[in-house]
file structure02.pdb (PDB, C-alpha atoms)
ATOM      1  CA  MET Z   1      44.330  -4.345 189.179  1.00  0.00           C
ATOM      2  CA  VAL Z   2      43.375  -2.537 185.979  1.00  0.00           C
ATOM      3  CA  LYS Z   3      41.094   0.480 185.775  1.00  0.00           C
ATOM      4  CA  VAL Z   4      38.101   0.518 183.434  1.00  0.00           C
ATOM      5  CA  GLU Z   5      36.607   3.905 182.582  1.00  0.00           C
ATOM      6  CA  PHE Z   6      33.334   4.457 180.751  1.00  0.00           C
ATOM      7  CA  LEU Z   7      33.203   7.476 178.474  1.00  0.00           C
ATOM      8  CA  GLY Z   8      30.419   9.763 177.266  1.00  0.00           C
ATOM      9  CA  PRO Z   9      26.854   8.749 178.086  1.00  0.00           C
ATOM     10  CA  ILE Z  10      27.563   5.509 179.993  1.00  0.00           C
ATOM     11  CA  SER Z  11      26.781   6.313 183.611  1.00  0.00           C
ATOM     12  CA  GLN Z  12      29.192   4.057 185.411  1.00  0.00           C
ATOM     13  CA  GLU Z  13      31.990   5.051 187.749  1.00  0.00           C
ATOM     14  CA  VAL Z  14      35.528   3.759 187.152  1.00  0.00           C
ATOM     15  CA  LEU Z  15      35.857   0.037 187.961  1.00  0.00           C
ATOM     16  CA  GLU Z  16      38.965  -1.686 189.279  1.00  0.00           C
ATOM     17  CA  LEU Z  17      39.260  -5.291 188.122  1.00  0.00           C
ATOM     18  CA  GLU Z  18      41.687  -8.177 188.354  1.00  0.00           C
ATOM     19  CA  ALA Z  19      42.456  -9.117 184.750  1.00  0.00           C
ATOM     20  CA  LYS Z  20      45.388 -10.706 182.920  1.00  0.00           C
ATOM     21  CA  THR Z  21      44.095 -10.068 179.423  1.00  0.00           C
ATOM     22  CA  LEU Z  22      41.410  -7.998 177.747  1.00  0.00           C
ATOM     23  CA  ALA Z  23      39.360 -11.194 177.460  1.00  0.00           C
ATOM     24  CA  ASP Z  24      39.194 -11.305 181.287  1.00  0.00           C
ATOM     25  CA  VAL Z  25      37.851  -7.738 181.276  1.00  0.00           C
ATOM     26  CA  ALA Z  26      35.242  -8.708 178.657  1.00  0.00           C
ATOM     27  CA  THR Z  27      33.998 -11.622 180.764  1.00  0.00           C
ATOM     28  CA  GLN Z  28      33.594  -9.473 183.863  1.00  0.00           C
ATOM     29  CA  LEU Z  29      31.862  -6.606 182.052  1.00  0.00           C
ATOM     30  CA  GLN Z  30      29.428  -9.012 180.351  1.00  0.00           C
ATOM     31  CA  ASN Z  31      28.235  -9.955 183.848  1.00  0.00           C
ATOM     32  CA  ILE Z  32      27.307  -6.396 184.805  1.00  0.00           C
ATOM     33  CA  GLU Z  33      23.656  -5.881 183.891  1.00  0.00           C
ATOM     34  CA  THR Z  34      23.891  -2.124 183.217  1.00  0.00           C
ATOM     35  CA  ILE Z  35      27.078  -2.423 181.135  1.00  0.00           C
ATOM     36  CA  ALA Z  36      26.448  -5.571 179.056  1.00  0.00           C
ATOM     37  CA  PRO Z  37      23.987  -3.937 176.594  1.00  0.00           C
ATOM     38  CA  TRP Z  38      26.582  -1.273 175.696  1.00  0.00           C
ATOM     39  CA  LEU Z  39      29.390  -3.692 174.809  1.00  0.00           C
ATOM     40  CA  GLU Z  40      28.192  -4.621 171.323  1.00  0.00           C
ATOM     41  CA  LYS Z  41      28.417  -0.987 170.190  1.00  0.00           C
ATOM     42  CA  CYS Z  42      31.500   0.135 172.132  1.00  0.00           C
ATOM     43  CA  ALA Z  43      35.106   0.424 170.999  1.00  0.00           C
ATOM     44  CA  VAL Z  44      38.004  -0.119 173.417  1.00  0.00           C
ATOM     45  CA  ALA Z  45      41.301   1.583 174.178  1.00  0.00           C
ATOM     46  CA  VAL Z  46      44.138   0.399 176.429  1.00  0.00           C
ATOM     47  CA  ASN Z  47      46.259   3.235 177.821  1.00  0.00           C
ATOM     48  CA  ASP Z  48      44.680   5.548 175.205  1.00  0.00           C
ATOM     49  CA  GLN Z  49      45.537   3.303 172.235  1.00  0.00           C
ATOM     50  CA  MET Z  50      42.600   1.876 170.283  1.00  0.00           C
ATOM     51  CA  VAL Z  51      42.768  -1.943 170.320  1.00  0.00           C
ATOM     52  CA  SER Z  52      41.194  -4.815 168.389  1.00  0.00           C
ATOM     53  CA  ASP Z  53      42.596  -7.935 170.066  1.00  0.00           C
ATOM     54  CA  LEU Z  54      41.206  -9.672 173.166  1.00  0.00           C
ATOM     55  CA  SER Z  55      44.473 -11.519 173.837  1.00  0.00           C
ATOM     56  CA  ILE Z  56      46.275  -8.290 174.793  1.00  0.00           C
ATOM     57  CA  VAL Z  57      48.141  -8.883 178.057  1.00  0.00           C
ATOM     58  CA  LEU Z  58      47.388  -6.342 180.771  1.00  0.00           C
ATOM     59  CA  LYS Z  59      49.545  -5.192 183.660  1.00  0.00           C
ATOM     60  CA  SER Z  60      48.589  -3.616 186.953  1.00  0.00           C
ATOM     61  CA  GLY Z  61      47.645   0.042 186.536  1.00  0.00           C
ATOM     62  CA  ASP Z  62      46.619  -0.229 182.894  1.00  0.00           C
ATOM     63  CA  LYS Z  63      43.711   2.002 181.889  1.00  0.00           C
ATOM     64  CA  ILE Z  64      40.971   0.540 179.736  1.00  0.00           C
ATOM     65  CA  SER Z  65      38.528   2.985 178.146  1.00  0.00           C
ATOM     66  CA  ILE Z  66      35.111   2.006 176.844  1.00  0.00           C
ATOM     67  CA  LEU Z  67      33.986   4.278 173.988  1.00  0.00           C
ATOM     68  CA  PRO Z  68      30.284   4.260 173.053  1.00  0.00           C
ATOM     69  CA  PRO Z  69      28.920   5.423 169.629  1.00  0.00           C
ATOM     70  CA  VAL Z  70      30.143   8.878 168.660  1.00  0.00           C
ATOM     71  CA  CYS Z  71      28.695  11.923 166.942  1.00  0.00           C
ATOM     72  CA  GLY Z  72      30.919  14.972 166.724  1.00  0.00           C
ATOM     73  CA  GLY Z  73      30.200  18.221 164.926  1.00  0.00           C
TER      74      GLY Z  73
ATOM     75  CA  MET G   1      43.572  21.030 167.185  1.00  0.00           C
ATOM     76  CA  GLU G   2      41.719  23.518 169.340  1.00  0.00           C
ATOM     77  CA  LEU G   3      39.026  22.846 171.932  1.00  0.00           C
ATOM     78  CA  TYR G   4      36.863  25.629 173.324  1.00  0.00           C
ATOM     79  CA  ARG G   5      34.298  25.749 176.119  1.00  0.00           C
ATOM     80  CA  GLY G   6      30.935  26.661 174.467  1.00  0.00           C
ATOM     81  CA  SER G   7      30.229  28.069 170.974  1.00  0.00           C
ATOM     82  CA  LEU G   8      33.092  28.707 168.571  1.00  0.00           C
ATOM     83  CA  ASP G   9      33.942  32.245 167.463  1.00  0.00           C
ATOM     84  CA  VAL G  10      33.911  31.388 163.761  1.00  0.00           C
ATOM     85  CA  GLU G  11      35.277  34.678 162.461  1.00  0.00           C
ATOM     86  CA  ALA G  12      38.142  34.716 164.963  1.00  0.00           C
ATOM     87  CA  ILE G  13      39.137  31.122 164.163  1.00  0.00           C
ATOM     88  CA  PHE G  14      38.900  31.667 160.375  1.00  0.00           C
ATOM     89  CA  SER G  15      41.038  34.709 160.696  1.00  0.00           C
ATOM     90  CA  LYS G  16      43.578  33.079 163.030  1.00  0.00           C
ATOM     91  CA  TRP G  17      44.061  30.127 160.675  1.00  0.00           C
ATOM     92  CA  LEU G  18      44.324  32.388 157.651  1.00  0.00           C
ATOM     93  CA  ASN G  19      47.002  34.407 159.393  1.00  0.00           C
ATOM     94  CA  GLU G  20      48.904  31.299 160.502  1.00  0.00           C
ATOM     95  CA  GLU G  21      49.216  30.203 156.873  1.00  0.00           C
ATOM     96  CA  LYS G  22      49.433  33.536 155.104  1.00  0.00           C
ATOM     97  CA  ASN G  23      53.044  32.996 154.086  1.00  0.00           C
ATOM     98  CA  SER G  24      52.825  29.221 153.546  1.00  0.00           C
ATOM     99  CA  ASN G  25      52.146  29.515 149.808  1.00  0.00           C
ATOM    100  CA  TYR G  26      48.959  27.452 149.896  1.00  0.00           C
ATOM    101  CA  GLY G  27      46.659  28.213 146.967  1.00  0.00           C
ATOM    102  CA  ALA G  28      43.511  26.740 148.532  1.00  0.00           C
ATOM    103  CA  TYR G  29      41.874  27.164 151.969  1.00  0.00           C
ATOM    104  CA  ILE G  30      38.641  25.200 152.429  1.00  0.00           C
ATOM    105  CA  PRO G  31      36.877  25.505 155.777  1.00  0.00           C
ATOM    106  CA  PHE G  32      33.867  23.488 156.903  1.00  0.00           C
ATOM    107  CA  VAL G  33      31.677  25.057 159.591  1.00  0.00           C
ATOM    108  CA  GLY G  34      29.139  23.033 161.561  1.00  0.00           C
ATOM    109  CA  THR G  35      26.280  25.137 162.961  1.00  0.00           C
ATOM    110  CA  ILE G  36      23.609  23.918 165.400  1.00  0.00           C
ATOM    111  CA  ARG G  37      20.211  23.950 163.704  1.00  0.00           C
ATOM    112  CA  ALA G  38      16.975  24.703 165.567  1.00  0.00           C
ATOM    113  CA  GLU G  39      15.018  21.447 165.297  1.00  0.00           C
ATOM    114  CA  ASP G  40      13.097  19.055 167.552  1.00  0.00           C
ATOM    115  CA  GLU G  41      12.639  21.864 170.096  1.00  0.00           C
ATOM    116  CA  ILE G  42      16.251  21.737 171.254  1.00  0.00           C
ATOM    117  CA  GLU G  43      17.825  24.723 172.991  1.00  0.00           C
ATOM    118  CA  ALA G  44      21.356  23.591 172.361  1.00  0.00           C
ATOM    119  CA  LEU G  45      23.539  20.592 171.681  1.00  0.00           C
ATOM    120  CA  SER G  46      26.114  19.564 174.230  1.00  0.00           C
ATOM    121  CA  PHE G  47      29.392  17.677 173.729  1.00  0.00           C
ATOM    122  CA  ASP G  48      31.729  15.463 175.740  1.00  0.00           C
ATOM    123  CA  ILE G  49      35.201  14.859 174.302  1.00  0.00           C
ATOM    124  CA  TYR G  50      37.896  12.339 175.152  1.00  0.00           C
ATOM    125  CA  GLU G  51      40.921  14.415 174.330  1.00  0.00           C
ATOM    126  CA  PRO G  52      43.801  11.867 174.346  1.00  0.00           C
ATOM    127  CA  ILE G  53      42.249   9.746 171.604  1.00  0.00           C
ATOM    128  CA  LEU G  54      40.878  12.740 169.698  1.00  0.00           C
ATOM    129  CA  GLU G  55      44.409  14.144 169.576  1.00  0.00           C
ATOM    130  CA  GLN G  56      45.755  10.837 168.200  1.00  0.00           C
ATOM    131  CA  TRP G  57      42.987  10.655 165.615  1.00  0.00           C
ATOM    132  CA  PHE G  58      43.769  14.222 164.554  1.00  0.00           C
ATOM    133  CA  GLN G  59      47.528  13.573 164.367  1.00  0.00           C
ATOM    134  CA  GLY G  60      46.803  10.682 161.989  1.00  0.00           C
ATOM    135  CA  TRP G  61      45.131  13.172 159.673  1.00  0.00           C
ATOM    136  CA  VAL G  62      47.946  15.699 160.076  1.00  0.00           C
ATOM    137  CA  LYS G  63      50.356  13.046 158.753  1.00  0.00           C
ATOM    138  CA  ARG G  64      48.059  11.998 155.933  1.00  0.00           C
ATOM    139  CA  ALA G  65      47.649  15.629 154.857  1.00  0.00           C
ATOM    140  CA  GLU G  66      51.405  16.250 155.032  1.00  0.00           C
ATOM    141  CA  GLU G  67      51.984  13.380 152.617  1.00  0.00           C
ATOM    142  CA  LEU G  68      49.788  15.266 150.154  1.00  0.00           C
ATOM    143  CA  GLY G  69      51.542  18.579 150.806  1.00  0.00           C
ATOM    144  CA  ALA G  70      48.472  19.822 152.679  1.00  0.00           C
ATOM    145  CA  LYS G  71      47.586  20.889 156.221  1.00  0.00           C
ATOM    146  CA  VAL G  72      44.450  20.155 158.276  1.00  0.00           C
ATOM    147  CA  LYS G  73      43.110  22.143 161.205  1.00  0.00           C
ATOM    148  CA  MET G  74      40.122  21.673 163.462  1.00  0.00           C
ATOM    149  CA  ALA G  75      38.320  23.322 166.346  1.00  0.00           C
ATOM    150  CA  HIS G  76      35.517  21.848 168.442  1.00  0.00           C
ATOM    151  CA  ALA G  77      33.314  22.959 171.291  1.00  0.00           C
ATOM    152  CA  ILE G  78      33.031  21.255 174.698  1.00  0.00           C
ATOM    153  CA  GLY G  79      29.801  21.565 176.694  1.00  0.00           C
ATOM    154  CA  ASP G  80      26.659  23.397 175.604  1.00  0.00           C
ATOM    155  CA  VAL G  81      26.398  25.090 172.196  1.00  0.00           C
ATOM    156  CA  PRO G  82      23.143  27.046 171.626  1.00  0.00           C
ATOM    157  CA  VAL G  83      21.226  26.794 168.336  1.00  0.00           C
ATOM    158  CA  HIS G  84      22.445  29.000 165.470  1.00  0.00           C
ATOM    159  CA  THR G  85      26.006  28.971 166.784  1.00  0.00           C
ATOM    160  CA  SER G  86      28.965  26.804 165.754  1.00  0.00           C
ATOM    161  CA  SER G  87      30.296  23.667 167.443  1.00  0.00           C
ATOM    162  CA  TYR G  88      32.819  22.479 164.868  1.00  0.00           C
ATOM    163  CA  ILE G  89      35.169  23.936 162.268  1.00  0.00           C
ATOM    164  CA  SER G  90      37.673  22.050 160.213  1.00  0.00           C
ATOM    165  CA  ALA G  91      39.799  23.226 157.325  1.00  0.00           C
ATOM    166  CA  VAL G  92      42.264  22.054 154.747  1.00  0.00           C
ATOM    167  CA  PHE G  93      45.030  24.138 153.229  1.00  0.00           C
ATOM    168  CA  SER G  94      46.751  22.826 150.120  1.00  0.00           C
ATOM    169  CA  PRO G  95      48.868  24.068 147.242  1.00  0.00           C
ATOM    170  CA  LYS G  96      46.060  23.436 144.725  1.00  0.00           C
ATOM    171  CA  ARG G  97      42.286  23.084 145.030  1.00  0.00           C
ATOM    172  CA  ARG G  98      41.807  19.410 144.100  1.00  0.00           C
ATOM    173  CA  VAL G  99      43.659  17.965 147.113  1.00  0.00           C
ATOM    174  CA  ALA G 100      41.827  20.299 149.511  1.00  0.00           C
ATOM    175  CA  LEU G 101      38.398  19.528 148.042  1.00  0.00           C
ATOM    176  CA  GLU G 102      38.918  15.788 148.328  1.00  0.00           C
ATOM    177  CA  LEU G 103      40.614  15.887 151.716  1.00  0.00           C
ATOM    178  CA  ILE G 104      37.940  18.027 153.392  1.00  0.00           C
ATOM    179  CA  ASP G 105      35.321  15.450 152.377  1.00  0.00           C
ATOM    180  CA  GLU G 106      37.259  12.486 153.816  1.00  0.00           C
ATOM    181  CA  PHE G 107      38.401  14.424 156.888  1.00  0.00           C
ATOM    182  CA  VAL G 108      34.882  15.542 157.865  1.00  0.00           C
ATOM    183  CA  GLU G 109      33.319  12.115 157.200  1.00  0.00           C
ATOM    184  CA  ASP G 110      35.994  10.264 159.198  1.00  0.00           C
ATOM    185  CA  PHE G 111      35.569  12.829 161.961  1.00  0.00           C
ATOM    186  CA  LYS G 112      31.867  11.943 162.146  1.00  0.00           C
ATOM    187  CA  ALA G 113      32.627   8.213 162.325  1.00  0.00           C
ATOM    188  CA  ASN G 114      35.720   8.013 164.522  1.00  0.00           C
ATOM    189  CA  ALA G 115      36.364  11.144 166.577  1.00  0.00           C
ATOM    190  CA  PRO G 116      35.678  10.342 170.280  1.00  0.00           C
ATOM    191  CA  ILE G 117      32.995  12.982 170.810  1.00  0.00           C
ATOM    192  CA  TRP G 118      29.537  12.404 172.296  1.00  0.00           C
ATOM    193  CA  LYS G 119      26.547  14.561 171.461  1.00  0.00           C
ATOM    194  CA  TYR G 120      23.514  15.351 173.601  1.00  0.00           C
ATOM    195  CA  ASP G 121      20.326  17.280 172.840  1.00  0.00           C
ATOM    196  CA  VAL G 122      19.550  19.928 175.442  1.00  0.00           C
ATOM    197  CA  LYS G 123      15.824  20.242 176.130  1.00  0.00           C
ATOM    198  CA  ASP G 124      14.357  22.005 179.180  1.00  0.00           C
ATOM    199  CA  GLY G 125      17.894  22.180 180.514  1.00  0.00           C
ATOM    200  CA  LYS G 126      18.358  18.392 180.394  1.00  0.00           C
ATOM    201  CA  ARG G 127      21.059  16.562 178.389  1.00  0.00           C
ATOM    202  CA  ILE G 128      19.754  13.618 176.330  1.00  0.00           C
ATOM    203  CA  TYR G 129      22.318  11.400 174.543  1.00  0.00           C
ATOM    204  CA  ALA G 130      21.783  11.565 170.749  1.00  0.00           C
ATOM    205  CA  GLU G 131      21.945   7.789 170.481  1.00  0.00           C
ATOM    206  CA  ASP G 132      20.044   7.471 167.182  1.00  0.00           C
ATOM    207  CA  ARG G 133      22.484   9.842 165.420  1.00  0.00           C
ATOM    208  CA  SER G 134      25.617   8.252 166.841  1.00  0.00           C
ATOM    209  CA  THR G 135      27.908   5.738 165.107  1.00  0.00           C
ATOM    210  CA  PRO G 136      29.875   2.899 166.727  1.00  0.00           C
ATOM    211  CA  MET G 137      33.613   3.531 166.240  1.00  0.00           C
ATOM    212  CA  SER G 138      35.803   1.157 164.202  1.00  0.00           C
ATOM    213  CA  GLY G 139      36.386  -2.065 166.128  1.00  0.00           C
ATOM    214  CA  SER G 140      33.254  -1.798 168.280  1.00  0.00           C
ATOM    215  CA  GLY G 141      31.892  -4.978 169.876  1.00  0.00           C
ATOM    216  CA  LEU G 142      35.294  -6.381 170.900  1.00  0.00           C
ATOM    217  CA  LEU G 143      34.184  -6.982 174.488  1.00  0.00           C
ATOM    218  CA  ALA G 144      30.647  -8.253 173.685  1.00  0.00           C
TER     219      ALA G 144
END

call {"tool": "encode", "arguments": {"input": "structure02.pdb", "output": "structure tokens"}}
result
Amino acid sequence: MVKVEFLGPISQEVLELEAKTLADVATQLQNIETIAPWLEKCAVAVNDQMVSDLSIVLKSGDKISILPPVCGG
Amino acid sequence: MELYRGSLDVEAIFSKWLNEEKNSNYGAYIPFVGTIRAEDEIEALSFDIYEPILEQWFQGWVKRAEELGAKVKMAHAIGDVPVHTSSYISAVFSPKRRVALELIDEFVEDFKANAPIWKYDVKDGKRIYAEDRSTPMSGSGLLA
């Protein structure tokens, strides 16, 4: 199981998913009605490292963070 | 990098940073102070921060500045920051002015685009995500 956490304004509790790669996570999140509209504008981190590759292999306990559009300052 | 609950004490932070570098032989110290403006009937802005990735982002800039012989610093508020007070201060110290002037521009602009901080308007005590002023981070859309 991997943990998916949604940061900032996305009101969604942490999800626990079965996923072998980040692509598996993408498929499952696309099927959640309240989450799907955010995905186009969200960046992703695995274990607090920003990532840009869906083929990343995940292991049990990995933490995936979903980062919506930002505005500091 | 320094995070504070609520408004920043600008004078104290300016003074602290100045003291930290008083013997470092930097010729230029350029701070940028972000202050909450009264507009659109807001009482305050409010901020969420994801610290692990903010710290990494900041450390990237620390390295970049070091390569130029400079030093960057930043402070940001967490939670509510009332109008006319400060939520964000960053600064560059460098041996000569040119590096600091250029670096503060890039540092502040990249902060706006890629620091994991979320802003909300506070109106009638309610937090409303400032979606129209927010920017997708680099690499957004990977899971879409």

call {"tool": "resolve_selection", "arguments": {"input": "structure02.pdb", "expression": "the PyMOL selection byres ((chain G) within 8 of (chain Z))", "output": "ChimeraX atom specification"}}
result
/G:34,47-50,52-53,76,87-88,111-119,129-131,133-144

call {"tool": "write_last_selection", "arguments": {"input": "structure02.pdb", "atoms": "C-alpha atoms", "output": "mmCIF file, in the frame of the given file"}}
result
data_model
loop_
_atom_site.group_PDB
_atom_site.id
_atom_site.type_symbol
_atom_site.label_atom_id
_atom_site.label_comp_id
_atom_site.auth_asym_id
_atom_site.auth_seq_id
_atom_site.Cartn_x
_atom_site.Cartn_y
_atom_site.Cartn_z
ATOM 1 C CA GLY G 34 29.139 23.033 161.561
ATOM 2 C CA PHE G 47 29.392 17.677 173.729
ATOM 3 C CA ASP G 48 31.729 15.463 175.740
ATOM 4 C CA ILE G 49 35.201 14.859 174.302
ATOM 5 C CA TYR G 50 37.896 12.339 175.152
ATOM 6 C CA PRO G 52 43.801 11.867 174.346
ATOM 7 C CA ILE G 53 42.249 9.746 171.604
ATOM 8 C CA HIS G 76 35.517 21.848 168.442
ATOM 9 C CA SER G 87 30.296 23.667 167.443
ATOM 10 C CA TYR G 88 32.819 22.479 164.868
ATOM 11 C CA PHE G 111 35.569 12.829 161.961
ATOM 12 C CA LYS G 112 31.867 11.943 162.146
ATOM 13 C CA ALA G 113 32.627 8.213 162.325
ATOM 14 C CA ASN G 114 35.720 8.013 164.522
ATOM 15 C CA ALA G 115 36.364 11.144 166.577
ATOM 16 C CA PRO G 116 35.678 10.342 170.280
ATOM 17 C CA ILE G 117 32.995 12.982 170.810
ATOM 18 C CA TRP G 118 29.537 12.404 172.296
ATOM 19 C CA LYS G 119 26.547 14.561 171.461
ATOM 20 C CA TYR G 129 22.318 11.400 174.543
ATOM 21 C CA ALA G 130 21.783 11.565 170.749
ATOM 22 C CA GLU G 131 21.945 7.789 170.481
ATOM 23 C CA ARG G 133 22.484 9.842 165.420
ATOM 24 C CA SER G 134 25.617 8.252 166.841
ATOM 25 C CA THR G 135 27.908 5.738 165.107
ATOM 26 C CA PRO G 136 29.875 2.899 166.727
ATOM 27 C CA MET G 137 33.613 3.531 166.240
ATOM 28 C CA SER G 138 35.803 1.157 164.202
ATOM 29 C CA GLY G 139 36.386 -2.065 166.128
ATOM 30 C CA SER G 140 33.254 -1.798 168.280
ATOM 31 C CA GLY G 141 31.892 -4.978 169.876
ATOM 32 C CA LEU G 142 35.294 -6.381 170.900
ATOM 33 C CA LEU G 143 34.184 -6.982 174.488
ATOM 34 C CA ALA G 144 30.647 -8.253 173.685
#

call {"tool": "closest_residue", "arguments": {"input": "structure02.pdb", "among": "G:Ile89, G:Val83, G:Tyr26, G:Asp105", "to": "G:Ala70", "atoms": "only C-alpha atoms"}}
result
G:Tyr26

call {"tool": "atom_distance", "arguments": {"input": "structure02.pdb", "atom1": "atom CA of G:Thr85", "atom2": "atom CA of G:Asp124"}}
result
18.4 Å

call {"tool": "resolve_selection", "arguments": {"input": "structure02.pdb", "expression": "the PyMOL selection byres ((chain G and resi 98) around 12)", "output": "ChimeraX atom specification"}}
result
/G:27-30,68-70,92-97,99-105

call {"tool": "resolve_selection", "arguments": {"input": "structure02.pdb", "expression": "the PyMOL selection byres ((chain G and resi 32) around 6)", "output": "PDB file with C-alpha atoms, in the frame of the given file"}}
result
ATOM      1  CA  PRO G  31      36.877  25.505 155.777  1.00  0.00           C
ATOM      2  CA  VAL G  33      31.677  25.057 159.591  1.00  0.00           C
ATOM      3  CA  ILE G  89      35.169  23.936 162.268  1.00  0.00           C
ATOM      4  CA  SER G  90      37.673  22.050 160.213  1.00  0.00           C
ATOM      5  CA  ALA G  91      39.799  23.226 157.325  1.00  0.00           C
TER       6      ALA G  91
END

call {"tool": "closest_residue", "arguments": {"input": "structure02.pdb", "among": "G:Ser15, G:Ser7, G:Ser46, G:Asn23", "to": "G:Lys123", "atoms": "only C-alpha atoms"}}
result
G:Ser46

call {"tool": "atom_distance", "arguments": {"input": "structure02.pdb", "atom1": "atom CA of G:His84", "atom2": "atom CA of G:Arg37"}}
result
5.8 Å

call {"tool": "atom_distance", "arguments": {"input": "structure02.pdb", "atom1": "atom CA of G:Arg5", "atom2": "atom CA of G:Asp132"}}
result
24.8 Å

call {"tool": "closest_residue", "arguments": {"input": "structure02.pdb", "among": "G:Leu45, G:Met1, G:Glu109, G:Val81", "to": "G:Val62", "atoms": "only C-alpha atoms"}}
result
G:Met1

call {"tool": "residues_near_point", "arguments": {"input": "structure02.pdb", "point": "(45.6, -5.7, 187.6)", "cutoff": "12 Å", "atoms": "all atoms listed in the file", "output": "list in words"}}
result
Met1, Val2, Lys3, Val4, Leu15, Glu16, Leu17, Glu18, Ala19, Lys20, Thr21, Leu22, Asp24, Val25, Val57, Leu58, Lys59, Ser60, Gly61, Asp62, Lys63 and Ile64 of chain Z

call {"tool": "write_last_selection", "arguments": {"input": "structure02.pdb", "atoms": "C-alpha atoms", "output": "PDB file, in the coordinates of the input"}}
result
ATOM      1  CA  MET Z   1      44.330  -4.345 189.179  1.00  0.00           C
ATOM      2  CA  VAL Z   2      43.375  -2.537 185.979  1.00  0.00           C
ATOM      3  CA  LYS Z   3      41.094   0.480 185.775  1.00  0.00           C
ATOM      4  CA  VAL Z   4      38.101   0.518 183.434  1.00  0.00           C
ATOM      5  CA  LEU Z  15      35.857   0.037 187.961  1.00  0.00           C
ATOM      6  CA  GLU Z  16      38.965  -1.686 189.279  1.00  0.00           C
ATOM      7  CA  LEU Z  17      39.260  -5.291 188.122  1.00  0.00           C
ATOM      8  CA  GLU Z  18      41.687  -8.177 188.354  1.00  0.00           C
ATOM      9  CA  ALA Z  19      42.456  -9.117 184.750  1.00  0.00           C
ATOM     10  CA  LYS Z  20      45.388 -10.706 182.920  1.00  0.00           C
ATOM     11  CA  THR Z  21      44.095 -10.068 179.423  1.00  0.00           C
ATOM     12  CA  LEU Z  22      41.410  -7.998 177.747  1.00  0.00           C
ATOM     13  CA  ASP Z  24      39.194 -11.305 181.287  1.00  0.00           C
ATOM     14  CA  VAL Z  25      37.851  -7.738 181.276  1.00  0.00           C
ATOM     15  CA  VAL Z  57      48.141  -8.883 178.057  1.00  0.00           C
ATOM     16  CA  LEU Z  58      47.388  -6.342 180.771  1.00  0.00           C
ATOM     17  CA  LYS Z  59      49.545  -5.192 183.660  1.00  0.00           C
ATOM     18  CA  SER Z  60      48.589  -3.616 186.953  1.00  0.00           C
ATOM     19  CA  GLY Z  61      47.645   0.042 186.536  1.00  0.00           C
ATOM     20  CA  ASP Z  62      46.619  -0.229 182.894  1.00  0.00           C
ATOM     21  CA  LYS Z  63      43.711   2.002 181.889  1.00  0.00           C
ATOM     22  CA  ILE Z  64      40.971   0.540 179.736  1.00  0.00           C
TER      23      ILE Z  64
END

call {"tool": "build_atoms", "arguments": {"input": "structure02.pdb", "residues": "stretch 11-24 of chain Z", "atoms": "N, CA and C atoms", "output": "mmCIF file, keeping the file's coordinate frame"}}
result
data_model
loop_
_atom_site.group_PDB
_atom_site.id
_atom_site.type_symbol
_atom_site.label_atom_id
_atom_site.label_comp_id
_atom_site.auth_asym_id
_atom_site.auth_seq_id
_atom_site.Cartn_x
_atom_site.Cartn_y
_atom_site.Cartn_z
ATOM 1 N N SER Z 11 26.644 5.867 182.212
ATOM 2 C CA SER Z 11 26.781 6.313 183.611
ATOM 3 C C SER Z 11 27.269 5.170 184.487
ATOM 4 N N GLN Z 12 28.554 5.085 184.590
ATOM 5 C CA GLN Z 12 29.192 4.057 185.411
ATOM 6 C C GLN Z 12 30.520 4.632 185.892
ATOM 7 N N GLU Z 13 30.720 4.579 187.179
ATOM 8 C CA GLU Z 13 31.990 5.051 187.749
ATOM 9 C C GLU Z 13 33.126 4.120 187.314
ATOM 10 N N VAL Z 14 34.348 4.572 187.476
ATOM 11 C CA VAL Z 14 35.528 3.759 187.152
ATOM 12 C C VAL Z 14 35.486 2.456 187.967
ATOM 13 N N LEU Z 15 35.799 1.337 187.286
ATOM 14 C CA LEU Z 15 35.857 0.037 187.961
ATOM 15 C C LEU Z 15 37.316 -0.395 188.079
ATOM 16 N N GLU Z 16 37.635 -1.082 189.151
ATOM 17 C CA GLU Z 16 38.965 -1.686 189.279
ATOM 18 C C GLU Z 16 38.782 -3.192 189.254
ATOM 19 N N LEU Z 17 39.452 -3.855 188.330
ATOM 20 C CA LEU Z 17 39.260 -5.291 188.122
ATOM 21 C C LEU Z 17 40.594 -6.020 188.151
ATOM 22 N N GLU Z 18 40.532 -7.293 188.517
ATOM 23 C CA GLU Z 18 41.687 -8.177 188.354
ATOM 24 C C GLU Z 18 41.560 -8.791 186.964
ATOM 25 N N ALA Z 19 42.549 -8.575 186.103
ATOM 26 C CA ALA Z 19 42.456 -9.117 184.750
ATOM 27 C C ALA Z 19 43.858 -9.296 184.175
ATOM 28 N N LYS Z 20 44.084 -10.453 183.540
ATOM 29 C CA LYS Z 20 45.388 -10.706 182.920
ATOM 30 C C LYS Z 20 45.385 -10.317 181.452
ATOM 31 N N THR Z 21 44.215 -10.440 180.836
ATOM 32 C CA THR Z 21 44.095 -10.068 179.423
ATOM 33 C C THR Z 21 42.800 -9.286 179.244
ATOM 34 N N LEU Z 22 42.641 -8.731 178.047
ATOM 35 C CA LEU Z 22 41.410 -7.998 177.747
ATOM 36 C C LEU Z 22 40.204 -8.944 177.747
ATOM 37 N N ALA Z 23 40.453 -10.207 177.428
ATOM 38 C CA ALA Z 23 39.360 -11.194 177.460
ATOM 39 C C ALA Z 23 38.795 -11.331 178.871
ATOM 40 N N ASP Z 24 39.659 -11.248 179.886
ATOM 41 C CA ASP Z 24 39.194 -11.305 181.287
ATOM 42 C C ASP Z 24 38.293 -10.109 181.598
#
